[in-house]
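Shown here: my_file_32.csv, CSV, C-alpha atoms.
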```
chain,number,residue,atom,x,y,z
A,208,MET,CA,-43.7,71.9,-54.0
A,209,THR,CA,-40.3,72.4,-52.4
A,210,ASN,CA,-42.2,73.2,-49.2
A,211,ARG,CA,-42.3,69.6,-48.1
A,212,ASP,CA,-38.5,69.2,-48.6
A,213,THR,CA,-37.8,72.4,-46.5
A,214,SER,CA,-39.9,71.2,-43.6
A,215,TRP,CA,-38.2,67.9,-43.6
A,216,ASN,CA,-34.8,69.6,-43.5
A,217,ASP,CA,-36.0,71.9,-40.8
A,218,TYR,CA,-37.0,68.9,-38.8
A,219,LYS,CA,-33.7,67.3,-39.3
A,220,ILE,CA,-31.9,70.5,-38.3
A,221,GLU,CA,-33.9,70.6,-35.1
A,222,GLN,CA,-33.0,67.1,-34.2
A,223,ILE,CA,-29.3,67.9,-34.5
A,224,ILE,CA,-29.8,71.1,-32.5
A,225,GLY,CA,-31.5,69.0,-29.8
A,226,VAL,CA,-28.5,66.7,-29.5
A,227,LEU,CA,-26.1,69.7,-29.5
A,228,LEU,CA,-28.1,71.4,-26.7
A,229,ARG,CA,-28.3,68.2,-24.6
A,230,VAL,CA,-24.6,67.5,-24.8
A,231,GLY,CA,-23.7,71.1,-24.0
A,232,VAL,CA,-25.9,71.2,-20.9
A,233,SER,CA,-25.0,67.7,-19.7
A,234,VAL,CA,-21.2,68.2,-19.9
A,235,SER,CA,-21.4,71.7,-18.3
A,236,ALA,CA,-23.6,70.4,-15.5
A,237,LEU,CA,-21.3,67.5,-14.9
A,238,ILE,CA,-18.2,69.8,-14.7
A,239,VAL,CA,-20.0,72.2,-12.4
A,240,PHE,CA,-21.2,69.4,-10.1
A,241,VAL,CA,-17.7,67.7,-9.8
A,242,ALA,CA,-15.8,71.0,-9.3
A,243,GLY,CA,-18.5,72.2,-6.9
A,244,SER,CA,-18.1,69.0,-4.8
A,245,ILE,CA,-14.4,69.5,-4.6
A,246,TYR,CA,-14.8,73.1,-3.6
A,247,LEU,CA,-17.3,72.1,-0.9
A,248,SER,CA,-15.1,69.3,0.5
A,249,ASN,CA,-12.2,71.9,0.7
A,250,GLU,CA,-14.1,74.8,2.2
A,251,ARG,CA,-17.3,73.5,3.6
A,252,ALA,CA,-16.9,75.0,7.1
A,253,SER,CA,-15.7,78.4,6.1
A,254,ARG,CA,-18.1,81.3,5.6
A,255,THR,CA,-18.5,83.5,2.5
A,256,HIS,CA,-20.6,86.6,2.5
A,257,TYR,CA,-22.6,87.7,-0.5
A,258,ASP,CA,-24.5,90.6,0.9
A,259,HIS,CA,-22.1,93.1,-0.7
A,260,PHE,CA,-21.2,93.1,-4.3
A,261,HIS,CA,-17.4,93.3,-4.9
A,262,GLU,CA,-16.5,94.7,-8.3
A,263,GLU,CA,-13.1,93.0,-8.4
A,264,GLY,CA,-14.0,89.8,-6.5
A,265,THR,CA,-12.2,86.9,-8.2
A,266,GLN,CA,-10.2,87.1,-11.4
A,267,LEU,CA,-12.9,84.8,-12.9
A,268,THR,CA,-14.3,87.5,-15.1
A,269,THR,CA,-12.4,86.9,-18.4
A,270,ILE,CA,-12.0,83.7,-20.5
A,271,SER,CA,-8.2,83.8,-20.2
A,272,GLY,CA,-8.4,84.4,-16.4
A,273,VAL,CA,-10.8,81.4,-16.0
A,274,ILE,CA,-8.6,79.1,-18.1
A,275,HIS,CA,-5.4,80.2,-16.4
A,276,GLN,CA,-6.8,79.3,-13.0
A,277,ALA,CA,-8.6,76.2,-14.2
A,278,ILE,CA,-5.4,74.6,-15.4
A,279,THR,CA,-4.0,75.0,-11.8
A,280,ALA,CA,-7.0,72.9,-10.8
A,281,GLU,CA,-8.7,75.7,-8.8
A,282,PRO,CA,-12.2,74.4,-8.2
A,283,LEU,CA,-14.0,77.8,-8.5
A,284,ALA,CA,-12.3,78.4,-11.8
A,285,ILE,CA,-13.4,75.0,-13.1
A,286,ILE,CA,-17.0,75.7,-12.1
A,287,GLN,CA,-16.7,79.0,-14.0
A,288,LEU,CA,-15.3,77.1,-17.0
A,289,GLY,CA,-18.4,74.8,-16.9
A,290,LEU,CA,-20.6,77.9,-16.9
A,291,LEU,CA,-18.6,79.4,-19.8
A,292,LEU,CA,-19.3,76.1,-21.7
A,293,LEU,CA,-23.0,76.5,-20.8
A,294,ILE,CA,-23.0,80.1,-22.2
A,295,ALA,CA,-21.3,78.8,-25.4
A,296,THR,CA,-24.0,76.2,-26.0
A,297,PRO,CA,-26.7,78.6,-27.4
A,298,VAL,CA,-24.0,80.5,-29.3
A,299,ALA,CA,-22.9,77.2,-31.0
A,300,ARG,CA,-26.6,76.5,-31.8
A,301,VAL,CA,-26.9,79.8,-33.6
A,302,LEU,CA,-23.8,79.1,-35.6
A,303,PHE,CA,-25.0,75.6,-36.5
A,304,ALA,CA,-28.4,77.0,-37.6
A,305,ALA,CA,-26.5,79.4,-39.9
A,306,PHE,CA,-24.6,76.5,-41.4
A,307,ALA,CA,-27.8,74.4,-41.8
A,308,PHE,CA,-29.7,77.3,-43.5
A,309,MET,CA,-26.7,77.5,-45.9
A,310,LEU,CA,-27.2,73.8,-46.8
A,311,GLU,CA,-30.8,74.6,-47.5
A,312,ARG,CA,-29.7,77.6,-49.6
A,313,ASP,CA,-32.0,79.8,-47.5
A,314,TRP,CA,-29.8,82.9,-47.7
A,315,MET,CA,-32.2,85.2,-45.9
A,316,TYR,CA,-32.0,83.0,-42.8
A,317,VAL,CA,-28.2,82.6,-43.1
A,318,ALA,CA,-28.1,86.3,-42.8
A,319,VAL,CA,-30.6,86.4,-39.9
A,320,SER,CA,-28.5,83.7,-38.0
A,321,LEU,CA,-25.3,85.6,-38.7
A,322,ILE,CA,-26.8,88.9,-37.3
A,323,VAL,CA,-27.8,87.1,-34.1
A,324,PHE,CA,-24.3,85.5,-34.0
A,325,THR,CA,-22.7,88.9,-34.4
A,326,VAL,CA,-24.7,90.4,-31.6
A,327,LEU,CA,-23.7,87.5,-29.3
A,328,MET,CA,-20.1,87.9,-30.2
A,329,ALA,CA,-20.2,91.6,-29.6
A,330,THR,CA,-21.6,91.0,-26.1
A,331,LEU,CA,-18.9,88.4,-25.4
A,332,THR,CA,-16.0,90.6,-26.3
A,333,GLY,CA,-15.9,91.9,-22.8
A,334,LEU,CA,-14.8,88.5,-21.8
A,335,VAL,CA,-11.8,88.3,-24.1
A,336,ILE,CA,-9.7,91.1,-22.6
B,236,MET,CA,-24.0,80.2,7.3
B,237,THR,CA,-21.1,77.9,6.3
B,238,ASN,CA,-20.4,77.3,2.6
B,239,LEU,CA,-21.9,73.8,2.9
B,240,GLU,CA,-25.1,75.1,4.5
B,241,PHE,CA,-25.4,77.9,2.0
B,242,THR,CA,-25.0,75.5,-1.0
B,243,VAL,CA,-27.5,73.0,0.4
B,244,VAL,CA,-30.1,75.7,1.2
B,245,VAL,CA,-29.7,77.5,-2.1
B,246,GLY,CA,-29.6,74.2,-4.1
B,247,GLY,CA,-32.8,72.9,-2.4
B,248,GLY,CA,-34.6,76.2,-2.9
B,249,SER,CA,-33.5,76.4,-6.5
B,250,PHE,CA,-34.7,72.8,-7.1
B,251,LEU,CA,-38.2,73.8,-5.8
B,252,ALA,CA,-38.2,77.0,-7.8
B,253,GLY,CA,-37.2,75.1,-11.0
B,254,PHE,CA,-39.9,72.5,-10.3
B,255,LEU,CA,-42.7,75.0,-9.7
B,256,GLY,CA,-41.4,77.2,-12.5
B,257,ALA,CA,-41.7,74.4,-15.0
B,258,LEU,CA,-45.2,73.3,-13.7
B,259,THR,CA,-46.6,76.8,-14.0
B,260,GLY,CA,-44.7,77.8,-17.1
B,261,LEU,CA,-43.2,80.9,-15.5
B,262,GLY,CA,-39.6,79.6,-15.2
B,263,GLY,CA,-37.4,79.3,-12.2
B,264,GLY,CA,-35.7,82.7,-12.3
B,265,VAL,CA,-38.7,84.7,-11.0
B,266,VAL,CA,-38.5,82.7,-7.7
B,267,VAL,CA,-34.8,82.2,-7.4
B,268,VAL,CA,-33.9,85.9,-7.4
B,269,PRO,CA,-36.3,86.9,-4.6
B,270,MET,CA,-35.3,83.8,-2.6
B,271,LEU,CA,-31.6,84.7,-2.7
B,272,VAL,CA,-32.2,88.4,-2.1
B,273,LEU,CA,-35.1,88.4,0.4
B,274,LEU,CA,-34.5,85.2,2.4
B,275,LEU,CA,-30.7,84.9,2.2
B,276,GLY,CA,-29.6,88.5,1.9
B,277,VAL,CA,-27.5,87.9,-1.2
B,278,ASP,CA,-26.7,91.1,-3.2
B,279,ILE,CA,-29.2,91.3,-6.1
B,280,ARG,CA,-26.3,91.4,-8.6
B,281,TYR,CA,-25.1,88.0,-7.6
B,282,ALA,CA,-28.7,86.8,-7.6
B,283,VAL,CA,-29.5,87.9,-11.1
B,284,GLY,CA,-26.1,86.5,-12.3
B,285,ALA,CA,-26.8,83.1,-10.9
B,286,SER,CA,-30.4,83.1,-12.1
B,287,LEU,CA,-29.3,84.0,-15.7
B,288,VAL,CA,-27.0,81.0,-15.8
B,289,SER,CA,-29.8,78.7,-14.6
B,290,VAL,CA,-32.1,80.2,-17.3
B,291,ILE,CA,-29.6,79.1,-20.0
B,292,ALA,CA,-29.4,75.6,-18.5
B,293,THR,CA,-33.2,75.1,-18.3
B,294,SER,CA,-33.9,76.6,-21.7
B,295,SER,CA,-31.3,74.4,-23.4
B,296,GLY,CA,-32.3,71.3,-21.5
B,297,ALA,CA,-36.0,71.8,-22.2
B,298,ALA,CA,-35.5,72.8,-25.8
B,299,ALA,CA,-33.6,69.6,-26.4
B,300,ALA,CA,-36.7,67.7,-25.4
B,301,TYR,CA,-39.2,69.9,-27.3
B,302,VAL,CA,-37.5,70.0,-30.7
B,303,ARG,CA,-38.0,66.2,-31.0
B,304,GLU,CA,-41.8,66.8,-31.0
B,305,GLY,CA,-41.6,69.2,-33.9
B,306,TYR,CA,-43.6,72.1,-32.4
B,307,SER,CA,-40.9,74.8,-32.3
B,308,ASN,CA,-40.4,77.0,-35.4
B,309,ILE,CA,-36.7,77.8,-35.8
B,310,ARG,CA,-37.3,80.5,-38.4
B,311,ILE,CA,-39.7,82.5,-36.1
B,312,GLY,CA,-37.3,81.9,-33.2
B,313,MET,CA,-34.1,82.9,-35.1
B,314,PHE,CA,-35.7,86.1,-36.6
B,315,LEU,CA,-37.1,87.2,-33.2
B,316,GLU,CA,-33.8,86.5,-31.6
B,317,ILE,CA,-32.4,89.5,-33.4
B,318,ALA,CA,-34.7,91.6,-31.2
B,319,THR,CA,-34.2,89.7,-28.0
B,320,THR,CA,-30.4,89.5,-28.1
B,321,ILE,CA,-30.0,93.2,-28.8
B,322,GLY,CA,-32.6,93.9,-26.1
B,323,ALA,CA,-30.7,91.6,-23.7
B,324,ALA,CA,-27.4,93.3,-24.3
B,325,VAL,CA,-29.1,96.7,-23.7
B,326,GLY,CA,-30.7,95.4,-20.5
B,327,ALA,CA,-27.4,94.0,-19.2
B,328,LEU,CA,-25.7,97.3,-19.8
B,329,ILE,CA,-28.5,99.1,-18.0
B,330,ALA,CA,-28.1,96.7,-15.1
B,331,THR,CA,-24.4,97.6,-14.7
B,332,ARG,CA,-25.3,101.3,-14.5
B,333,VAL,CA,-28.2,101.4,-12.1
B,334,SER,CA,-28.5,100.7,-8.4
B,335,GLY,CA,-29.6,97.4,-6.8
B,336,ALA,CA,-32.7,99.2,-5.6
B,337,ALA,CA,-33.7,100.1,-9.2
B,338,ILE,CA,-33.3,96.5,-10.3
B,339,GLY,CA,-35.3,95.3,-7.3
B,340,PHE,CA,-38.1,97.8,-8.1
B,341,VAL,CA,-38.5,96.6,-11.7
B,342,PHE,CA,-38.2,93.0,-10.5
B,343,GLY,CA,-41.0,93.6,-8.1
B,344,LEU,CA,-43.3,95.0,-10.8
B,345,VAL,CA,-42.5,92.0,-13.1
B,346,LEU,CA,-43.3,89.6,-10.3
B,347,LEU,CA,-46.7,91.3,-9.8
B,348,TYR,CA,-47.4,91.2,-13.5
B,349,SER,CA,-46.4,87.5,-13.7
B,350,ALA,CA,-48.7,86.7,-10.8
B,351,VAL,CA,-51.6,88.2,-12.7
B,352,LEU,CA,-50.7,86.6,-15.9
B,353,SER,CA,-50.2,83.1,-14.5
B,354,ARG,CA,-53.9,82.9,-13.6
B,355,LYS,CA,-54.9,83.4,-17.2
B,356,ASP,CA,-55.6,80.5,-19.5
B,357,PRO,CA,-53.9,80.4,-22.9
B,358,SER,CA,-56.0,81.3,-25.9
B,359,GLN,CA,-56.9,78.3,-28.0
B,360,LYS,CA,-58.6,80.1,-30.9
B,361,VAL,CA,-57.5,79.4,-34.4
B,362,VAL,CA,-57.1,82.5,-36.6
B,363,ASN,CA,-57.8,82.1,-40.2
B,364,HIS,CA,-57.1,85.5,-41.8
B,365,PRO,CA,-55.4,85.6,-45.2
B,366,PRO,CA,-51.6,85.1,-44.8
B,367,ASP,CA,-49.7,88.2,-43.8
B,368,ALA,CA,-47.4,89.5,-46.6
B,369,LEU,CA,-44.3,90.1,-44.4
B,370,ALA,CA,-44.6,86.9,-42.5
B,371,THR,CA,-44.9,85.0,-45.8
B,372,ARG,CA,-41.8,86.7,-47.2
B,373,LEU,CA,-40.0,85.8,-44.0
B,374,ARG,CA,-41.2,82.2,-44.4
B,375,MET,CA,-42.6,82.0,-40.9
B,376,ASN,CA,-45.8,80.2,-41.6
B,377,GLY,CA,-45.6,76.6,-40.7
B,378,THR,CA,-47.3,73.4,-39.5
B,379,TYR,CA,-47.4,71.6,-36.2
B,380,PRO,CA,-48.3,68.0,-35.4
B,381,THR,CA,-51.8,67.1,-34.1
B,382,PRO,CA,-53.4,63.7,-33.6
B,383,SER,CA,-55.3,64.3,-36.9
B,384,GLY,CA,-52.2,65.1,-38.9
B,385,PRO,CA,-50.2,68.3,-39.5
B,386,GLN,CA,-52.1,71.6,-38.8
B,387,SER,CA,-50.9,74.6,-40.7
B,388,TYR,CA,-50.8,78.1,-39.3
B,389,ASN,CA,-50.1,81.7,-40.4
B,390,VAL,CA,-48.1,84.3,-38.5
B,391,TYR,CA,-49.3,88.0,-38.3
B,392,GLN,CA,-48.1,91.4,-37.0
B,393,VAL,CA,-44.4,90.7,-37.2
B,394,PRO,CA,-43.3,94.3,-36.4
B,395,GLY,CA,-45.4,94.4,-33.2
B,396,GLY,CA,-44.1,91.0,-32.1
B,397,PHE,CA,-40.5,92.1,-32.9
B,398,GLY,CA,-40.9,95.2,-30.8
B,399,LEU,CA,-42.3,93.3,-27.8
B,400,MET,CA,-39.5,90.8,-28.1
B,401,PHE,CA,-37.0,93.7,-27.8
B,402,GLY,CA,-38.7,94.5,-24.5
B,403,ALA,CA,-38.6,90.9,-23.4
B,404,GLY,CA,-34.8,90.9,-24.1
B,405,VAL,CA,-34.3,94.1,-22.1
B,406,LEU,CA,-36.1,92.6,-19.1
B,407,SER,CA,-34.2,89.4,-19.4
B,408,GLY,CA,-30.8,91.2,-19.4
B,409,LEU,CA,-31.8,93.6,-16.6
B,410,LEU,CA,-33.3,91.0,-14.3
B,411,GLY,CA,-31.5,87.7,-15.2
B,412,ILE,CA,-34.8,86.0,-16.0
B,413,GLY,CA,-36.0,84.2,-19.1
B,414,SER,CA,-39.0,86.5,-19.5
B,415,GLY,CA,-40.8,83.6,-21.1
B,416,ALA,CA,-44.2,85.2,-20.2
B,417,VAL,CA,-43.5,88.3,-22.3
B,418,LYS,CA,-42.2,86.1,-25.2
B,419,VAL,CA,-45.3,83.9,-25.2
B,420,LEU,CA,-47.5,87.1,-25.0
B,421,ALA,CA,-45.7,88.5,-28.1
B,422,MET,CA,-46.1,85.3,-30.1
B,423,ASP,CA,-49.4,84.0,-28.9
B,424,GLN,CA,-51.4,87.2,-28.4
B,425,VAL,CA,-49.8,89.6,-31.0
B,426,MET,CA,-48.5,87.3,-33.7
B,427,LYS,CA,-51.3,84.8,-33.4
B,428,ILE,CA,-49.0,81.8,-33.3
B,429,PRO,CA,-50.6,78.7,-31.9
B,430,PHE,CA,-50.0,78.4,-28.1
B,431,LYS,CA,-48.0,75.2,-28.3
B,432,VAL,CA,-45.7,76.6,-31.0
B,433,SER,CA,-45.3,79.8,-29.0
B,434,THR,CA,-44.3,78.2,-25.8
B,435,THR,CA,-41.8,75.8,-27.3
B,436,THR,CA,-40.3,78.4,-29.6
B,437,SER,CA,-40.1,80.8,-26.7
B,438,ASN,CA,-38.2,78.2,-24.6
B,439,PHE,CA,-35.9,77.7,-27.6
B,440,MET,CA,-35.2,81.5,-27.7
B,441,ILE,CA,-34.6,82.0,-24.0
B,442,GLY,CA,-31.1,80.4,-23.9
B,443,VAL,CA,-29.8,82.5,-26.8
B,444,THR,CA,-31.3,85.7,-25.3
B,445,ALA,CA,-29.7,84.9,-21.9
B,446,ALA,CA,-26.4,84.2,-23.5
B,447,ALA,CA,-26.4,87.7,-24.9
B,448,SER,CA,-26.4,89.2,-21.4
B,449,ALA,CA,-24.3,86.5,-19.8
B,450,GLY,CA,-21.1,87.9,-21.4
B,451,VAL,CA,-21.7,91.3,-19.8
B,452,TYR,CA,-22.7,89.8,-16.4
B,453,LEU,CA,-19.6,87.6,-16.3
B,454,SER,CA,-17.1,90.3,-17.2
B,455,ARG,CA,-18.6,92.5,-14.5
B,456,GLY,CA,-18.3,89.8,-11.9
B,457,TYR,CA,-22.0,89.2,-11.4
B,458,ILE,CA,-21.6,85.5,-11.9
B,459,ASP,CA,-20.0,84.1,-8.7
B,460,PRO,CA,-19.3,80.4,-9.1
B,461,ARG,CA,-20.2,79.7,-5.5
B,462,VAL,CA,-23.7,81.1,-5.9
B,463,ALA,CA,-24.2,80.1,-9.5
B,464,MET,CA,-23.3,76.4,-8.9
B,465,PRO,CA,-26.2,75.4,-6.6
B,466,VAL,CA,-28.6,77.6,-8.4
B,467,MET,CA,-27.8,76.2,-11.8
B,468,LEU,CA,-27.8,72.6,-10.7
B,469,GLY,CA,-30.9,73.0,-8.5
B,470,VAL,CA,-33.1,74.8,-11.1
B,471,LEU,CA,-32.0,72.5,-13.9
B,472,LEU,CA,-32.9,69.3,-12.0
B,473,GLY,CA,-36.1,70.8,-10.6
B,474,SER,CA,-37.3,71.9,-14.0
B,475,LEU,CA,-36.5,68.6,-15.7
B,476,LEU,CA,-38.6,66.8,-13.0
B,477,GLY,CA,-41.3,69.5,-13.3
B,478,ALA,CA,-41.6,69.0,-17.1
B,479,LYS,CA,-42.0,65.2,-16.5
B,480,VAL,CA,-44.7,65.6,-13.9
B,481,LEU,CA,-46.5,68.3,-15.9
B,482,ALA,CA,-48.2,65.9,-18.3
B,483,ARG,CA,-50.1,64.2,-15.4
B,484,ALA,CA,-50.5,67.0,-12.9
B,485,HIS,CA,-53.6,69.2,-12.1
B,486,VAL,CA,-51.9,72.5,-12.2
B,487,GLN,CA,-54.9,74.8,-11.7
B,488,VAL,CA,-54.7,74.9,-7.9
B,489,LEU,CA,-50.9,75.0,-8.0
B,490,ARG,CA,-51.0,78.0,-10.3
B,491,TYR,CA,-53.2,80.0,-7.9
B,492,VAL,CA,-50.8,79.2,-5.0
B,493,PHE,CA,-47.8,80.1,-7.1
B,494,ALA,CA,-49.4,83.3,-8.3
B,495,PHE,CA,-50.1,84.2,-4.6
B,496,VAL,CA,-46.5,83.5,-3.6
B,497,ILE,CA,-45.1,85.5,-6.5
B,498,ALA,CA,-47.4,88.4,-5.6
B,499,VAL,CA,-46.2,88.4,-2.0
B,500,LEU,CA,-42.5,88.3,-3.2
B,501,GLY,CA,-43.2,91.1,-5.6
B,502,CYS,CA,-44.7,93.3,-2.8
B,503,GLU,CA,-41.7,92.6,-0.5
B,504,MET,CA,-39.3,93.3,-3.3
B,505,LEU,CA,-40.9,96.6,-4.0
B,506,TYR,CA,-41.0,97.4,-0.3
B,507,ASN,CA,-37.3,96.7,0.1
B,508,ALA,CA,-36.4,98.7,-3.0
B,509,VAL,CA,-38.4,101.7,-1.9
B,510,THR,CA,-37.2,101.6,1.7
B,511,GLY,CA,-33.5,101.4,0.7
B,512,LYS,CA,-32.8,97.9,1.9
B,513,LEU,CA,-31.5,97.0,-1.5
B,514,ARG,CA,-28.5,99.0,-2.7
```
Go ahead and express the file in the form of structure tokens.
Amino acid sequence: MTNRDTSWNDYKIEQIIGVLLRVGVSVSALIVFVAGSIYLSNERASRTHYDHFHEEGTQLTTISGVIHQAITAEPLAIIQLGLLLLIATPVARVLFAAFAFMLERDWMYVAVSLIVFTVLMATLTGLVI
Amino acid sequence: MTNLEFTVVVGGGSFLAGFLGALTGLGGGVVVVPMLVLLLGVDIRYAVGASLVSVIATSSGAAAAYVREGYSNIRIGMFLEIATTIGAAVGALIATRVSGAAIGFVFGLVLLYSAVLSRKDPSQKVVNHPPDALATRLRMNGTYPTPSGPQSYNVYQVPGGFGLMFGAGVLSGLLGIGSGAVKVLAMDQVMKIPFKVSTTTSNFMIGVTAAASAGVYLSRGYIDPRVAMPVMLGVLLGSLLGAKVLARAHVQVLRYVFAFVIAVLGCEMLYNAVTGKLR
């Protein structure tokens, strides 16, 4: 039976996915922590109010906006960059799963993974503009 | 409150929420949002944005630990993620079009439902009907490790589970929570997947589901780095610790206490939504 082979491959895929997720979360948490500490040491005594939602707020609502400000070492933009990395982690795992199913020649699940990936990309297009 | 005080209070509260959320299996989001909204007066949009980010962090962090044990089923997870991601995108779009009061109202109902659900014990029965044709075609049937060797299981009622997963996705996108409770309900109760496989696969799916609404949230300015930073770090650390303690803890009493707290928060959320304190 090929069933045994498949489950072994699934197991191996899951191991790699586990590493991918761990690295993504750790790196993003580290970035957020370091940038957050810098933000606090700069502005610990000032007050910010969150009781009213501001549509415009910061310019940290697009990928290019975040990167533009992050390279000027703006701490809030670097936190946001860490959060973008965090959001990208599950997206990367879906793409990796598609690749892994391709190696297994499981075309049905290559298609399933790519559908999920397409949905994710469609929702992220709002960030590109 | 100064920025430092705000960060410390929110970080500490999020740590506690993540810890209790992991111990009771309800996730940190259901406590973080009411804490920010009811106790600290944060606008519910910033609250759900920050919570959603923490949901991605905990799901990915916990899933990394679970996959090594070999319980989660990536085929079931991936297939159902079609439903949850589309649902989450729809939920997030709804969130950007309705008032804070409407979000708060639905949140209150979900809190009350979670309070009831958290007191229920998981079903442990093994179902042995003949394999379902659709599930077999989708190659969802699998095995999971037990002390006496691999135990095989079959999956049933794929369309019903798929539909419920869409609902779980909508709730996740609307409220910035993982809706793990609904996901487990769909897999454990409807699709008859063994509880341990359901919970680990659900956890696996939560991050991908949340990522589908995160793009919408971020582009609309719901994710404020100053709020999201302490929430994400606090919930992540709390839930990692909670998962470590879980193996040794007696959670029955804790679950009752937690259910009570959530029920109170749910009532207050509904009250605030109805009386117009949330906008």
Next item on the list: Give me, please, the distance in Å between CA of Phe439 in chain B and CA of Thr320 in chain B, quoted to one decimal.
Entry: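 Rounded to one decimal, the two atoms are 13.0 Å apart.
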Next item on the list: Find the residues near Leu321 in chain A: any atom within 12 Å, counting all atoms listed in the file, skip ones fewer than 2 places away on the same chain, and give them as a PyMOL selection string.
Entry: (chain A and resi 298-309+314-319+323-328) or (chain B and resi 313-314+316-317)
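Among the candidate residues B:Pro380, B:Gly404, B:Gly396, B:Gly456, the one lying nearest to Ser307 in chain B is B:Pro380, with distances computed using all atoms listed in the file.
Shortest separation to chain B among A:Ala280, A:Ile245, A:Gln266, A:Tyr257 occurs at residue A:Tyr257, atoms counted being only C-alpha atoms.
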Item checked: Distance criterion (all atoms listed in the file): nearest to Glu250 in chain A out of A:Ala236, A:Leu292, A:Ala329, A:Leu283 ->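 Of the candidates, the smallest distance to Glu250 in chain A is held by A:Leu283.
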Shell around Val266 in chain B at 8 Å using all atoms listed in the file, local window under 5 positions removed, as a PDB file with C-alpha atoms, in the coordinates of the input:
```pdb
ATOM      1  CA  ALA B 252     -38.200  77.000  -7.800  1.00  0.00           C
ATOM      2  CA  GLY B 256     -41.400  77.200 -12.500  1.00  0.00           C
ATOM      3  CA  ILE B 497     -45.100  85.500  -6.500  1.00  0.00           C
TER       4      ILE B 497
END
```
Item checked: Å distance separating CA of Phe240 in chain A from CA of Val443 in chain B, one decimal place -> 22.9 Å
Write out, as a Markdown table, each residue of chain A that has an atom at most 8 Å from chain B, together with the closest pair of atoms and their distance in Å to one decimal, counting only C-alpha atoms, rows going by chain and rising number.
```
| residue | atom | partner | partner_atom | distance |
| --- | --- | --- | --- | --- |
| A:Asp217 | CA | B:Ile309 | CA | 7.8 |
| A:Tyr218 | CA | B:Gly305 | CA | 6.7 |
| A:Glu221 | CA | B:Val302 | CA | 5.7 |
| A:Gln222 | CA | B:Arg303 | CA | 6.0 |
| A:Ile224 | CA | B:Ala299 | CA | 7.3 |
| A:Gly225 | CA | B:Ala299 | CA | 4.0 |
| A:Val226 | CA | B:Ala299 | CA | 6.6 |
| A:Leu228 | CA | B:Ser295 | CA | 5.5 |
| A:Arg229 | CA | B:Ala299 | CA | 5.8 |
| A:Val232 | CA | B:Ala292 | CA | 6.1 |
| A:Ala236 | CA | B:Leu468 | CA | 6.7 |
| A:Val239 | CA | B:Met464 | CA | 6.4 |
| A:Phe240 | CA | B:Leu468 | CA | 7.4 |
| A:Gly243 | CA | B:Met464 | CA | 6.7 |
| A:Leu247 | CA | B:Leu239 | CA | 6.2 |
| A:Glu250 | CA | B:Asn238 | CA | 6.8 |
| A:Arg251 | CA | B:Leu239 | CA | 4.7 |
| A:Ala252 | CA | B:Thr237 | CA | 5.2 |
| A:Ser253 | CA | B:Thr237 | CA | 5.4 |
| A:Arg254 | CA | B:Thr237 | CA | 4.6 |
| A:Thr255 | CA | B:Asn238 | CA | 6.5 |
| A:His256 | CA | B:Val277 | CA | 7.9 |
| A:Tyr257 | CA | B:Val277 | CA | 5.0 |
| A:Asp258 | CA | B:Val277 | CA | 4.5 |
| A:His259 | CA | B:Asp278 | CA | 5.6 |
| A:Phe260 | CA | B:Asp278 | CA | 6.0 |
| A:His261 | CA | B:Gly456 | CA | 7.9 |
| A:Glu262 | CA | B:Gly456 | CA | 6.3 |
| A:Glu263 | CA | B:Gly456 | CA | 7.0 |
| A:Gly264 | CA | B:Gly456 | CA | 6.9 |
| A:Thr265 | CA | B:Gly456 | CA | 7.7 |
| A:Leu267 | CA | B:Gly456 | CA | 7.4 |
| A:Thr268 | CA | B:Ser454 | CA | 4.5 |
| A:Thr269 | CA | B:Ser454 | CA | 5.9 |
| A:Leu283 | CA | B:Pro460 | CA | 5.9 |
| A:Ala284 | CA | B:Pro460 | CA | 7.8 |
| A:Ile286 | CA | B:Pro460 | CA | 6.0 |
| A:Gln287 | CA | B:Pro460 | CA | 5.7 |
| A:Leu290 | CA | B:Val288 | CA | 7.2 |
| A:Leu293 | CA | B:Ala292 | CA | 6.9 |
| A:Ile294 | CA | B:Ala446 | CA | 5.5 |
| A:Ala295 | CA | B:Ala446 | CA | 7.7 |
| A:Thr296 | CA | B:Ser295 | CA | 8.0 |
| A:Pro297 | CA | B:Val443 | CA | 5.0 |
| A:Val298 | CA | B:Val443 | CA | 6.6 |
| A:Val301 | CA | B:Val443 | CA | 7.9 |
| A:Tyr316 | CA | B:Arg310 | CA | 7.3 |
| A:Val319 | CA | B:Phe314 | CA | 6.1 |
| A:Ser320 | CA | B:Met313 | CA | 6.4 |
| A:Ile322 | CA | B:Ile317 | CA | 6.9 |
| A:Val323 | CA | B:Ile317 | CA | 5.2 |
| A:Val326 | CA | B:Ile321 | CA | 6.6 |
| A:Leu327 | CA | B:Ala447 | CA | 5.2 |
| A:Thr330 | CA | B:Gly450 | CA | 5.7 |
| A:Leu331 | CA | B:Gly450 | CA | 4.6 |
| A:Thr332 | CA | B:Gly450 | CA | 7.6 |
| A:Gly333 | CA | B:Ser454 | CA | 5.9 |
| A:Leu334 | CA | B:Ser454 | CA | 5.4 |
```
Check: Residues around (-34.8, 86.4, -16.5), cut-off 8 Å, counting only C-alpha atoms - what are they as a PyMOL selection string?
Finding: chain B and resi 264-265+283+286-287+290+406-414+445
Next item on the list: Could you jot down the CA of Gln392 in chain B to CA of Asp367 in chain B separation for me, Å, one decimal place?
Entry: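 About the pair CA of Gln392 in chain B and CA of Asp367 in chain B: they are 7.7 Å apart.
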